[in-house]
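S.K.: Dropping in my_file.cif, which is mmCIF, C-alpha atoms and all ligand atoms:
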data_run
#
loop_
_atom_site.group_PDB
_atom_site.id
_atom_site.type_symbol
_atom_site.label_atom_id
_atom_site.label_comp_id
_atom_site.auth_asym_id
_atom_site.auth_seq_id
_atom_site.Cartn_x
_atom_site.Cartn_y
_atom_site.Cartn_z
ATOM 1 C CA MET E 1 109.312 -13.278 -55.362
ATOM 2 C CA GLU E 2 109.716 -14.761 -51.928
ATOM 3 C CA GLY E 3 110.684 -18.400 -52.236
ATOM 4 C CA HIS E 4 110.245 -21.430 -50.027
ATOM 5 C CA LYS E 5 112.988 -22.782 -47.796
ATOM 6 C CA PRO E 6 114.308 -26.257 -47.094
ATOM 7 C CA PHE E 7 114.194 -27.894 -43.659
ATOM 8 C CA SER E 8 116.398 -26.106 -41.144
ATOM 9 C CA GLY E 9 116.985 -27.807 -37.794
ATOM 10 C CA ARG E 10 118.596 -24.650 -36.437
ATOM 11 C CA ASP E 11 115.554 -22.504 -37.230
ATOM 12 C CA TYR E 12 113.198 -25.023 -35.626
ATOM 13 C CA PHE E 13 115.426 -25.043 -32.573
ATOM 14 C CA ILE E 14 115.312 -21.221 -32.287
ATOM 15 C CA THR E 15 111.555 -21.140 -32.808
ATOM 16 C CA LEU E 16 110.846 -23.943 -30.329
ATOM 17 C CA PHE E 17 113.066 -22.185 -27.820
ATOM 18 C CA VAL E 18 111.071 -18.947 -28.239
ATOM 19 C CA ALA E 19 107.834 -20.934 -27.837
ATOM 20 C CA LEU E 20 109.156 -22.602 -24.690
ATOM 21 C CA ILE E 21 110.157 -19.275 -23.118
ATOM 22 C CA LEU E 22 106.733 -17.805 -23.912
ATOM 23 C CA PHE E 23 105.030 -20.913 -22.531
ATOM 24 C CA VAL E 24 106.916 -20.681 -19.228
ATOM 25 C CA LEU E 25 106.220 -16.934 -18.969
ATOM 26 C CA PHE E 26 102.508 -17.232 -19.789
ATOM 27 C CA SER E 27 102.073 -20.264 -17.522
ATOM 28 C CA SER E 28 103.750 -18.472 -14.604
ATOM 29 C CA TYR E 29 101.534 -15.431 -15.115
ATOM 30 C CA LEU E 30 98.406 -17.585 -15.195
ATOM 31 C CA LEU E 31 99.569 -19.499 -12.111
ATOM 32 C CA VAL E 32 99.834 -16.258 -10.148
ATOM 33 C CA ARG E 33 96.555 -14.849 -11.504
ATOM 34 C CA ARG E 34 94.560 -18.040 -10.961
ATOM 35 C CA GLY E 35 96.348 -19.418 -7.891
ATOM 36 C CA TYR E 36 96.765 -22.934 -9.387
ATOM 37 C CA TYR E 37 97.942 -24.621 -12.579
ATOM 38 C CA PHE E 38 96.953 -28.299 -12.933
ATOM 39 C CA ASP E 39 95.345 -28.651 -9.509
ATOM 40 C CA ALA E 40 92.206 -26.717 -10.405
ATOM 41 C CA PRO E 41 89.281 -26.383 -7.976
ATOM 42 C CA PRO E 42 86.396 -28.870 -8.510
ATOM 43 C CA THR E 43 84.551 -26.496 -10.864
ATOM 44 C CA ALA E 44 87.378 -26.370 -13.422
ATOM 45 C CA ASP E 45 89.270 -28.985 -15.460
ATOM 46 C CA MET E 46 92.907 -29.968 -14.949
ATOM 47 C CA LEU E 47 93.898 -28.545 -18.358
ATOM 48 C CA TYR E 48 91.791 -25.380 -18.083
ATOM 49 C CA VAL E 49 94.769 -23.126 -17.272
ATOM 50 C CA PRO E 50 97.455 -24.915 -19.384
ATOM 51 C CA ASN E 51 95.082 -24.594 -22.362
ATOM 52 C CA LYS E 52 95.042 -20.831 -21.958
ATOM 53 C CA ALA E 53 98.849 -20.805 -22.067
ATOM 54 C CA LEU E 54 98.869 -23.009 -25.204
ATOM 55 C CA ALA E 55 96.350 -20.754 -26.978
ATOM 56 C CA GLY E 56 98.334 -17.649 -25.982
ATOM 57 C CA VAL E 57 101.685 -19.011 -27.226
ATOM 58 C CA GLY E 58 100.172 -20.292 -30.491
ATOM 59 C CA MET E 59 98.467 -16.978 -31.114
ATOM 60 C CA VAL E 60 101.625 -14.951 -30.484
ATOM 61 C CA MET E 61 103.657 -17.232 -32.782
ATOM 62 C CA LEU E 62 101.103 -16.837 -35.586
ATOM 63 C CA ALA E 63 101.007 -13.073 -35.054
ATOM 64 C CA LEU E 64 104.834 -13.046 -35.236
ATOM 65 C CA THR E 65 104.815 -14.780 -38.653
ATOM 66 C CA PHE E 66 102.712 -11.851 -39.734
ATOM 67 C CA LEU E 67 104.986 -9.239 -38.150
ATOM 68 C CA VAL E 68 108.370 -10.495 -39.372
ATOM 69 C CA GLY E 69 107.711 -9.150 -42.904
ATOM 70 C CA PRO E 70 107.196 -5.500 -41.851
ATOM 71 C CA ILE E 71 110.064 -5.687 -39.315
ATOM 72 C CA THR E 72 112.548 -6.823 -41.961
ATOM 73 C CA ARG E 73 111.248 -4.277 -44.449
ATOM 74 C CA TYR E 74 111.682 -1.346 -42.043
ATOM 75 C CA PHE E 75 114.781 -2.346 -40.068
ATOM 76 C CA ASP E 76 117.925 -3.716 -41.753
ATOM 77 C CA ARG E 77 119.389 -5.515 -38.818
ATOM 78 C CA PHE E 78 116.484 -7.954 -38.581
ATOM 79 C CA ASP E 79 116.823 -9.334 -42.144
ATOM 80 C CA LYS E 80 117.820 -12.745 -40.799
ATOM 81 C CA TRP E 81 114.403 -13.123 -39.191
ATOM 82 C CA LEU E 82 112.625 -13.373 -42.530
ATOM 83 C CA GLY E 83 113.735 -16.984 -42.797
ATOM 84 C CA LEU E 84 111.979 -17.858 -39.524
ATOM 85 C CA ARG E 85 108.459 -17.268 -40.782
ATOM 86 C CA LYS E 86 107.830 -20.830 -41.867
ATOM 87 C CA GLU E 87 108.970 -22.329 -38.562
ATOM 88 C CA LEU E 88 107.067 -19.721 -36.526
ATOM 89 C CA GLY E 89 103.931 -20.587 -38.462
ATOM 90 C CA ILE E 90 104.333 -24.336 -38.126
ATOM 91 C CA VAL E 91 105.190 -24.297 -34.415
ATOM 92 C CA GLY E 92 102.331 -21.814 -33.810
ATOM 93 C CA ALA E 93 99.934 -24.047 -35.752
ATOM 94 C CA PHE E 94 100.851 -27.034 -33.547
ATOM 95 C CA PHE E 95 100.161 -25.061 -30.364
ATOM 96 C CA ILE E 96 96.827 -23.876 -31.751
ATOM 97 C CA ALA E 97 95.883 -27.412 -32.836
ATOM 98 C CA ALA E 98 96.649 -28.644 -29.295
ATOM 99 C CA HIS E 99 94.530 -25.782 -27.929
ATOM 100 C CA ALA E 100 91.582 -26.665 -30.189
ATOM 101 C CA ILE E 101 91.703 -30.388 -29.366
ATOM 102 C CA ILE E 102 91.994 -29.741 -25.617
ATOM 103 C CA SER E 103 89.229 -27.086 -25.701
ATOM 104 C CA TYR E 104 86.874 -29.455 -27.472
ATOM 105 C CA ALA E 105 87.725 -32.772 -25.841
ATOM 106 C CA ALA E 106 89.418 -32.247 -22.476
ATOM 107 C CA LEU E 107 87.536 -29.460 -20.696
ATOM 108 C CA PRO E 108 84.129 -31.073 -20.040
ATOM 109 C CA LYS E 109 83.453 -29.020 -16.910
ATOM 110 C CA LYS E 110 84.150 -25.660 -18.507
ATOM 111 C CA PHE E 111 83.316 -26.282 -22.152
ATOM 112 C CA PRO E 112 81.330 -29.519 -22.645
ATOM 113 C CA ALA E 113 81.181 -30.688 -26.274
ATOM 114 C CA GLU E 114 77.430 -29.995 -26.518
ATOM 115 C CA TRP E 115 78.057 -26.391 -25.460
ATOM 116 C CA TYR E 116 79.871 -25.653 -28.737
ATOM 117 C CA SER E 117 77.841 -24.287 -31.590
ATOM 118 C CA PHE E 118 79.885 -24.121 -34.758
ATOM 119 C CA ALA E 119 77.130 -21.997 -36.283
ATOM 120 C CA GLU E 120 78.318 -19.174 -34.005
ATOM 121 C CA ALA E 121 80.908 -16.880 -35.553
ATOM 122 C CA GLU E 122 83.414 -17.285 -32.711
ATOM 123 C CA PHE E 123 83.658 -21.074 -33.057
ATOM 124 C CA ALA E 124 83.048 -21.304 -36.791
ATOM 125 C CA ALA E 125 86.010 -18.924 -37.180
ATOM 126 C CA GLY E 126 88.178 -21.066 -34.882
ATOM 127 C CA LEU E 127 87.292 -24.246 -36.725
ATOM 128 C CA VAL E 128 87.893 -22.852 -40.215
ATOM 129 C CA GLY E 129 91.126 -21.344 -38.857
ATOM 130 C CA ILE E 130 92.390 -24.789 -37.786
ATOM 131 C CA VAL E 131 91.423 -26.410 -41.090
ATOM 132 C CA LEU E 132 93.243 -23.653 -42.958
ATOM 133 C CA LEU E 133 96.368 -24.014 -40.787
ATOM 134 C CA VAL E 134 96.458 -27.756 -41.511
ATOM 135 C CA PHE E 135 96.105 -27.009 -45.233
ATOM 136 C CA LEU E 136 98.954 -24.463 -45.152
ATOM 137 C CA PHE E 137 101.096 -26.939 -43.206
ATOM 138 C CA VAL E 138 100.494 -29.700 -45.756
ATOM 139 C CA ILE E 139 101.342 -27.495 -48.732
ATOM 140 C CA SER E 140 104.542 -26.350 -47.045
ATOM 141 C CA PHE E 141 106.217 -29.698 -47.844
ATOM 142 C CA GLN E 142 108.894 -29.376 -50.495
ATOM 143 C CA LYS E 143 107.274 -31.862 -52.864
ATOM 144 C CA ILE E 144 103.942 -30.057 -52.853
ATOM 145 C CA ILE E 145 105.604 -26.664 -53.300
ATOM 146 C CA GLY E 146 107.245 -28.162 -56.394
ATOM 147 C CA LEU E 147 103.899 -29.406 -57.674
ATOM 148 C CA LEU E 148 102.137 -26.087 -57.121
ATOM 149 C CA GLY E 149 104.928 -23.916 -58.458
ATOM 150 C CA PRO E 150 106.382 -21.065 -56.362
ATOM 151 C CA ALA E 151 103.981 -18.343 -57.566
ATOM 152 C CA ARG E 152 100.800 -20.231 -56.724
ATOM 153 C CA TRP E 153 102.336 -21.474 -53.477
ATOM 154 C CA TRP E 154 103.308 -17.940 -52.452
ATOM 155 C CA PHE E 155 99.807 -16.691 -53.219
ATOM 156 C CA LEU E 156 98.171 -19.455 -51.138
ATOM 157 C CA GLN E 157 100.512 -18.927 -48.165
ATOM 158 C CA ARG E 158 100.082 -15.157 -48.222
ATOM 159 C CA TRP E 159 96.305 -15.137 -48.441
ATOM 160 C CA GLY E 160 95.967 -18.237 -46.258
ATOM 161 C CA MET E 161 97.848 -16.615 -43.372
ATOM 162 C CA ARG E 162 95.893 -13.391 -43.782
ATOM 163 C CA LEU E 163 92.670 -15.357 -43.495
ATOM 164 C CA VAL E 164 93.948 -17.312 -40.473
ATOM 165 C CA ILE E 165 94.744 -14.044 -38.692
ATOM 166 C CA LEU E 166 91.343 -12.578 -39.595
ATOM 167 C CA LEU E 167 89.599 -15.718 -38.293
ATOM 168 C CA ALA E 168 91.692 -15.607 -35.117
ATOM 169 C CA VAL E 169 90.662 -11.968 -34.566
ATOM 170 C CA ILE E 170 86.972 -12.952 -34.943
ATOM 171 C CA HIS E 171 87.407 -16.010 -32.676
ATOM 172 C CA VAL E 172 89.189 -14.167 -29.877
ATOM 173 C CA PHE E 173 87.509 -10.737 -30.000
ATOM 174 C CA ASP E 174 83.976 -12.088 -30.437
ATOM 175 C CA MET E 175 84.440 -14.467 -27.523
ATOM 176 C CA LYS E 176 86.286 -12.159 -25.144
ATOM 177 C CA TRP E 177 85.355 -8.535 -25.936
ATOM 178 C CA ALA E 178 82.400 -8.235 -23.539
ATOM 179 C CA GLY E 179 84.470 -9.741 -20.715
ATOM 180 C CA TRP E 180 87.351 -7.334 -21.343
ATOM 181 C CA VAL E 181 85.041 -4.301 -21.337
ATOM 182 C CA LYS E 182 83.422 -5.496 -18.112
ATOM 183 C CA TRP E 183 86.814 -6.087 -16.513
ATOM 184 C CA LEU E 184 88.006 -2.626 -17.542
ATOM 185 C CA THR E 185 84.911 -0.716 -16.477
ATOM 186 C CA LYS E 186 83.720 -2.417 -13.282
ATOM 187 C CA ALA E 187 85.377 -2.663 -9.872
ATOM 188 C CA PRO E 188 87.423 -5.856 -9.550
ATOM 189 C CA ALA E 189 85.413 -8.871 -8.447
ATOM 190 C CA ALA E 190 86.231 -10.605 -5.172
ATOM 191 C CA PRO E 191 88.754 -13.479 -5.420
ATOM 192 C CA THR E 192 87.238 -16.919 -5.943
ATOM 193 C CA LEU E 193 88.595 -20.464 -5.845
ATOM 194 C CA GLU E 194 88.994 -20.273 -9.626
ATOM 195 C CA LEU E 195 90.567 -16.828 -9.712
ATOM 196 C CA ALA E 196 92.898 -15.755 -6.915
ATOM 197 C CA ASN E 197 93.804 -12.333 -8.312
ATOM 198 C CA PRO E 198 90.937 -10.894 -10.385
ATOM 199 C CA TRP E 199 92.599 -7.464 -10.494
ATOM 200 C CA MET E 200 95.284 -8.876 -12.807
ATOM 201 C CA PRO E 201 94.345 -8.623 -16.510
ATOM 202 C CA GLY E 202 93.591 -11.909 -18.263
ATOM 203 C CA LEU E 203 96.369 -13.266 -20.461
ATOM 204 C CA GLY E 204 93.965 -13.003 -23.409
ATOM 205 C CA LEU E 205 93.838 -9.222 -23.045
ATOM 206 C CA TYR E 206 97.617 -8.936 -23.430
ATOM 207 C CA VAL E 207 97.595 -11.368 -26.349
ATOM 208 C CA GLY E 208 94.600 -9.626 -27.928
ATOM 209 C CA LEU E 209 96.329 -6.227 -27.750
ATOM 210 C CA PHE E 210 99.417 -7.675 -29.432
ATOM 211 C CA LEU E 211 97.297 -9.276 -32.157
ATOM 212 C CA GLY E 212 95.460 -5.987 -32.700
ATOM 213 C CA TRP E 213 98.750 -4.109 -33.048
ATOM 214 C CA VAL E 214 100.157 -6.577 -35.575
ATOM 215 C CA VAL E 215 96.994 -6.309 -37.672
ATOM 216 C CA LEU E 216 97.233 -2.505 -37.525
ATOM 217 C CA VAL E 217 100.851 -2.516 -38.732
ATOM 218 C CA ARG E 218 99.966 -4.817 -41.644
ATOM 219 C CA LEU E 219 96.855 -2.839 -42.574
ATOM 220 C CA TYR E 220 98.806 0.421 -42.622
ATOM 221 C CA GLU E 221 101.451 -1.144 -44.813
ATOM 222 C CA THR E 222 98.933 -2.619 -47.243
ATOM 223 C CA LEU E 223 96.742 0.480 -47.532
ATOM 224 C CA PHE E 224 99.263 3.297 -47.312
ATOM 225 C CA LEU E 225 102.618 1.853 -48.437
ATOM 226 C CA PHE E 226 101.945 -0.990 -50.864
ATOM 227 C CA LYS E 227 98.684 0.663 -51.908
ATOM 228 C CA ASN E 228 97.526 -2.650 -53.305
ATOM 229 C CA ILE E 229 96.138 -5.640 -51.466
ATOM 230 C CA GLY E 230 98.878 -8.018 -52.512
ATOM 231 C CA ILE E 231 97.624 -10.005 -55.472
ATOM 232 C CA VAL E 232 101.174 -9.770 -56.773
ATOM 233 C CA SER E 233 104.434 -9.420 -54.879
ATOM 234 C CA LYS E 234 105.828 -5.902 -54.502
ATOM 235 C CA GLU E 235 109.040 -4.601 -52.979
ATOM 236 C CA ILE E 236 109.108 -1.472 -50.820
ATOM 237 C CA SER E 237 112.411 -1.922 -48.934
ATOM 238 C CA THR E 238 114.245 -0.083 -51.675
ATOM 239 C CA ASP E 239 111.941 2.949 -51.557
ATOM 240 C CA LEU E 240 113.448 5.131 -48.849
ATOM 241 C CA VAL E 241 110.411 7.385 -48.398
ATOM 242 C CA LEU E 242 107.974 4.496 -47.969
ATOM 243 C CA ARG E 243 110.410 2.706 -45.737
ATOM 244 C CA THR E 244 110.771 5.717 -43.445
ATOM 245 C CA ARG E 245 106.993 6.143 -43.262
ATOM 246 C CA GLY E 246 106.576 2.461 -42.447
ATOM 247 C CA ARG E 247 109.217 2.635 -39.741
ATOM 248 C CA ARG E 248 107.647 5.737 -38.243
ATOM 249 C CA PHE E 249 104.203 4.143 -38.109
ATOM 250 C CA PHE E 250 105.677 0.951 -36.685
ATOM 251 C CA LEU E 251 107.423 2.782 -33.847
ATOM 252 C CA ALA E 252 104.525 5.151 -33.077
ATOM 253 C CA SER E 253 101.992 2.320 -32.960
ATOM 254 C CA PHE E 254 104.405 0.272 -30.843
ATOM 255 C CA ALA E 255 104.504 3.143 -28.340
ATOM 256 C CA LEU E 256 100.703 3.031 -28.350
ATOM 257 C CA LEU E 257 100.786 -0.709 -27.664
ATOM 258 C CA ALA E 258 103.189 -0.153 -24.776
ATOM 259 C CA ALA E 259 100.837 2.522 -23.398
ATOM 260 C CA GLY E 260 97.948 0.048 -23.715
ATOM 261 C CA TYR E 261 99.918 -2.566 -21.757
ATOM 262 C CA PHE E 262 100.787 0.012 -19.144
ATOM 263 C CA PHE E 263 97.122 1.019 -18.839
ATOM 264 C CA VAL E 264 95.696 -2.478 -18.448
ATOM 265 C CA THR E 265 98.485 -3.605 -16.113
ATOM 266 C CA LEU E 266 97.990 -0.658 -13.777
ATOM 267 C CA ARG E 267 94.227 -0.522 -14.227
ATOM 268 C CA TRP E 268 93.497 -0.870 -10.520
ATOM 269 C CA VAL E 269 96.177 1.457 -9.270
ATOM 270 C CA TRP E 270 94.190 4.542 -10.236
HETATM 271 C C1 LIG E 301 93.020 -20.616 -35.739
HETATM 272 C C2 LIG E 301 92.373 -21.235 -34.766
HETATM 273 C C3 LIG E 301 92.318 -20.758 -33.337
HETATM 274 C C4 LIG E 301 93.022 -19.764 -32.720
HETATM 275 C C5 LIG E 301 94.095 -18.853 -33.331
HETATM 276 C C6 LIG E 301 92.583 -19.719 -31.347
HETATM 277 C C7 LIG E 301 93.071 -18.833 -30.394
HETATM 278 C C8 LIG E 301 92.548 -18.664 -29.145
HETATM 279 C C9 LIG E 301 93.050 -17.747 -28.154
HETATM 280 C C10 LIG E 301 94.248 -16.821 -28.336
HETATM 281 C C11 LIG E 301 92.268 -17.869 -27.056
HETATM 282 C C12 LIG E 301 92.465 -17.168 -25.724
HETATM 283 C C13 LIG E 301 91.538 -16.034 -25.543
HETATM 284 C C14 LIG E 301 91.639 -15.509 -24.128
HETATM 285 O O1 LIG E 301 92.175 -16.175 -23.249
HETATM 286 O O2 LIG E 301 91.187 -14.393 -23.901
HETATM 287 C C15 LIG E 301 91.264 -18.858 -27.355
HETATM 288 C C16 LIG E 301 90.274 -19.242 -26.481
HETATM 289 C C17 LIG E 301 89.409 -20.290 -26.713
HETATM 290 N N1 LIG E 301 89.330 -21.071 -27.838
HETATM 291 FE FE1 LIG E 301 90.473 -20.903 -29.475
HETATM 292 N N2 LIG E 301 91.635 -20.694 -31.142
HETATM 293 C C18 LIG E 301 91.431 -21.341 -32.338
HETATM 294 C C19 LIG E 301 90.562 -22.393 -32.570
HETATM 295 C C20 LIG E 301 89.680 -22.910 -31.641
HETATM 296 C C21 LIG E 301 88.802 -24.043 -31.851
HETATM 297 C C22 LIG E 301 88.700 -24.855 -33.141
HETATM 298 C C23 LIG E 301 88.102 -24.221 -30.680
HETATM 299 C C24 LIG E 301 87.073 -25.249 -30.304
HETATM 300 C C25 LIG E 301 86.919 -26.429 -30.827
HETATM 301 C C26 LIG E 301 88.525 -23.202 -29.765
HETATM 302 C C27 LIG E 301 88.020 -23.044 -28.491
HETATM 303 C C28 LIG E 301 88.367 -22.042 -27.626
HETATM 304 C C29 LIG E 301 87.782 -21.836 -26.301
HETATM 305 C C30 LIG E 301 86.680 -22.664 -25.649
HETATM 306 C C31 LIG E 301 88.432 -20.739 -25.742
HETATM 307 C C32 LIG E 301 88.206 -20.124 -24.353
HETATM 308 C C33 LIG E 301 89.210 -20.719 -23.426
HETATM 309 C C34 LIG E 301 89.152 -20.121 -22.056
HETATM 310 O O3 LIG E 301 88.663 -19.013 -21.877
HETATM 311 O O4 LIG E 301 89.651 -20.781 -21.128
HETATM 312 N N3 LIG E 301 89.505 -22.434 -30.361
HETATM 313 N N4 LIG E 301 91.464 -19.345 -28.634
#
Please rewrite the model in this file as structure tokens.
M.R.:
Amino acid sequence: MEGHKPFSGRDYFITLFVALILFVLFSSYLLVRRGYYFDAPPTADMLYVPNKALAGVGMVMLALTFLVGPITRYFDRFDKWLGLRKELGIVGAFFIAAHAIISYAALPKKFPAEWYSFAEAEFAAGLVGIVLLVFLFVISFQKIIGLLGPARWWFLQRWGMRLVILLAVIHVFDMKWAGWVKWLTKAPAAPTLELANPWMPGLGLYVGLFLGWVVLVRLYETLFLFKNIGIVSKEISTDLVLRTRGRRFFLASFALLAAGYFFVTLRWVW
């Protein structure tokens, strides 16, 4: 049974450092693609671009919490990473909370409050996702873990995170799919004040591909290795055959992800 862990300043430091690096990378990419960062043209809000970077970092951190399990099960040398899941999840949740608050309250030109309909799947999913993240954060305090007991706590964390990821997939793919298909199938649009380099893929496409890959790795593991959906904890690291199959699928699908990145990055070269 996977247990909980006490506060670790070192692990928060590592995780925040990873988040910072991702934030700088994503922000720089968006700056080049859009041609501005805070100083948006009159049709966009000051936080329009920074919000995209926040959402991207938060999403990648949450996807990583979901990926650390398979990585440590298939590759010995990454065992240390297992302990980072809690911090990855909490730091990711804070980025996503900032993204949700900014999206709702600080982007009146792009997304005025009355524009949101929480009856639509894409926003209902986002909203339930945030509520669930707050719930998982609250029950991650030592005292509450003690009250719940480790088995119930483990169950709630496991299924809670699975649901968060599912809701994130609905939120992102429902909102962005049509735009991605259009971008991939039509000639690049002419540059505008809001978008200096339309031939560059949106950050969301890179993040979406990563999220899709992580979900694929977990689905394969659940359906073909664990062969149960995880009502109870099960160990596969000791089963060499399953471990080899998991590793093979992990590496093959990673190659596919890399090919996907290659394809979208060089979309307008061919
Ligand atoms: C678990 C909760 C959530 C996650 C994981 C999440 C994640 C994301 C991600 C990764 C994107 C970027 C998609 C892209 O650039 O292609 C995005 C976009 C967006 N999200 Fe969320 N989000 C969540 C909750 C919310 C909530 C509660 C709201 C609104 C109150 C919201 C409003 C938006 C909006 C308006 C966009 C489009 C931003 C843009 O294109 O500039 N999200 N979200």
S.K.: Pick out the residues no farther than 6 Å from ligand LIG 301 (chain E), counting only C-alpha atoms and all ligand atoms, and list them as a list in words.
M.R.: Tyr48, Lys52, Ala55, Gly56, Met59, Ile96, Ala100, Ser103, Tyr104, Phe123, Gly126, Leu127, Gly129, Ile130, Val164, Ala168, Val172, Lys176, Leu203, Gly204 and Leu205 of chain E
S.K.: Taking only C-alpha atoms into account, which of E:Leu107, E:Val207, E:Met175, E:Ala63 comes nearest Phe26 in chain E?
M.R.: E:Val207
S.K.: Have a look at E:Ala106, E:Trp213, E:Leu82, E:Glu87 and name the one nearest to Asp45 in chain E; count only C-alpha atoms.
M.R.: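 For Asp45 in chain E, the nearest of the candidates is E:Ala106.
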S.K.: Which residues match the PyMOL selection byres (((chain E and resi 35) around 9) and not hetatm) in the file above, as a list in words?
M.R.: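 So the PyMOL selection byres (((chain E and resi 35) around 9) and not hetatm), applied here, picks out Leu30, Leu31, Val32, Arg33, Arg34, Tyr36, Tyr37, Ala40, Leu193, Glu194, Leu195, Ala196 and Asn197 of chain E.
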S.K.: With distances taken over all atoms listed in the file, which of E:Phe118, E:Trp154, E:Arg245, E:Pro201 is nearest to Phe263 in chain E?
M.R.: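 Closest to Phe263 in chain E, using all atoms listed in the file: E:Pro201.
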S.K.: Quick one: which residues end up in the PyMOL selection byres (((chain E and resi 137) around 10) and not hetatm) for this structure, as a ChimeraX atom specification?
M.R.: /E:86,89-90,93-94,131-136,138-141,157
S.K.: At what distance in Å, to one decimal, does CA of Ala255 in chain E lie from CA of Val269 in chain E?
M.R.: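 For CA of Val269 in chain E relative to CA of Ala255 in chain E, the distance reads 20.9 Å.
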S.K.: Using only C-alpha atoms, can you tell me which of E:Ala151, E:Phe95, E:Gly202, E:Ile170 comes closest to Ala125 in chain E?
M.R.: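 Comparing E:Ala151, E:Phe95, E:Gly202, E:Ile170 against Ala125 in chain E, the winner is E:Ile170.
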S.K.: Neighbourhood query: residues within 6 Å of (104.2, 3.0, -46.4), file coordinates, counting only C-alpha atoms; return as a ChimeraX atom specification.
M.R.: /E:221,224-225,242,245-246
S.K.: Using CA of Thr244 in chain E and CA of Leu256 in chain E as the two end points, give the distance in Å to one decimal.
M.R.: 18.3 Å
S.K.: Excluding range 76-80 of chain E and its own-chain neighbours fewer than 4 positions away, which residues fall within 12 Å of it when counting only C-alpha atoms? Please give them as a ChimeraX atom specification.
M.R.: /E:11,67-72,84-85,237-238,243-244,247
S.K.: Since we have the selection now, will you write its residues out, keeping C-alpha atoms, as a compact mmCIF listing (two decimals), in the coordinates of the input?
M.R.:
# COMPACT_ATOMS: atom_id res chain seq x y z
CA ASP E 11 115.55 -22.50 -37.23
CA LEU E 67 104.99 -9.24 -38.15
CA VAL E 68 108.37 -10.50 -39.37
CA GLY E 69 107.71 -9.15 -42.90
CA PRO E 70 107.20 -5.50 -41.85
CA ILE E 71 110.06 -5.69 -39.32
CA THR E 72 112.55 -6.82 -41.96
CA LEU E 84 111.98 -17.86 -39.52
CA ARG E 85 108.46 -17.27 -40.78
CA SER E 237 112.41 -1.92 -48.93
CA THR E 238 114.24 -0.08 -51.68
CA ARG E 243 110.41 2.71 -45.74
CA THR E 244 110.77 5.72 -43.44
CA ARG E 247 109.22 2.64 -39.74
S.K.: Distance CA of Leu54 in chain E-CA of Val24 in chain E, one decimal place?
M.R.: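 We find that CA of Leu54 in chain E and CA of Val24 in chain E lie 10.3 Å from each other.
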S.K.: For this file, the PyMOL selection byres (((chain E and resi 257) around 10) and not hetatm) selects which residues, as an mmCIF file with C-alpha atoms, keeping the file's coordinate frame?
M.R.:
data_model
loop_
_atom_site.group_PDB
_atom_site.id
_atom_site.type_symbol
_atom_site.label_atom_id
_atom_site.label_comp_id
_atom_site.auth_asym_id
_atom_site.auth_seq_id
_atom_site.Cartn_x
_atom_site.Cartn_y
_atom_site.Cartn_z
ATOM 1 C CA TYR E 206 97.617 -8.936 -23.430
ATOM 2 C CA LEU E 209 96.329 -6.227 -27.750
ATOM 3 C CA PHE E 210 99.417 -7.675 -29.432
ATOM 4 C CA GLY E 212 95.460 -5.987 -32.700
ATOM 5 C CA TRP E 213 98.750 -4.109 -33.048
ATOM 6 C CA VAL E 214 100.157 -6.577 -35.575
ATOM 7 C CA LEU E 251 107.423 2.782 -33.847
ATOM 8 C CA ALA E 252 104.525 5.151 -33.077
ATOM 9 C CA SER E 253 101.992 2.320 -32.960
ATOM 10 C CA PHE E 254 104.405 0.272 -30.843
ATOM 11 C CA ALA E 255 104.504 3.143 -28.340
ATOM 12 C CA LEU E 256 100.703 3.031 -28.350
ATOM 13 C CA ALA E 258 103.189 -0.153 -24.776
ATOM 14 C CA ALA E 259 100.837 2.522 -23.398
ATOM 15 C CA GLY E 260 97.948 0.048 -23.715
ATOM 16 C CA TYR E 261 99.918 -2.566 -21.757
ATOM 17 C CA PHE E 262 100.787 0.012 -19.144
ATOM 18 C CA PHE E 263 97.122 1.019 -18.839
#
S.K.: Could you check the closest approach to Leu163 in chain E for each of E:Val215, E:Thr265, E:Thr43, E:Phe17 and tell me which residue wins, using all atoms listed in the file?
M.R.: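 Closest residue, counting all atoms listed in the file: E:Val215.
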S.K.: E:Ile165, E:Leu240, E:Val57, E:Leu156: which is nearest Leu20 in chain E, counting all atoms listed in the file?
M.R.: E:Val57
S.K.: If you count only C-alpha atoms, which residues fall within 10 Å of Val91 in chain E, apart from same-chain ones fewer than 5 positions away, as a list in words?
M.R.: Tyr12, Thr15, Leu16, Ala19, Val57, Gly58, Met61, Leu62, Lys86, Ile96 and Ala97 of chain E
S.K.: Kindly provide, as lines of an AutoDock Vina configuration file, the centre and edge lengths (Å, one decimal) of an axis-aligned box around all atoms of range 29-37 of chain E given in the file, with 3 Å on each side.
M.R.:
center_x = 98.0
center_y = -19.7
center_z = -11.5
size_x = 13.0
size_y = 15.8
size_z = 13.3
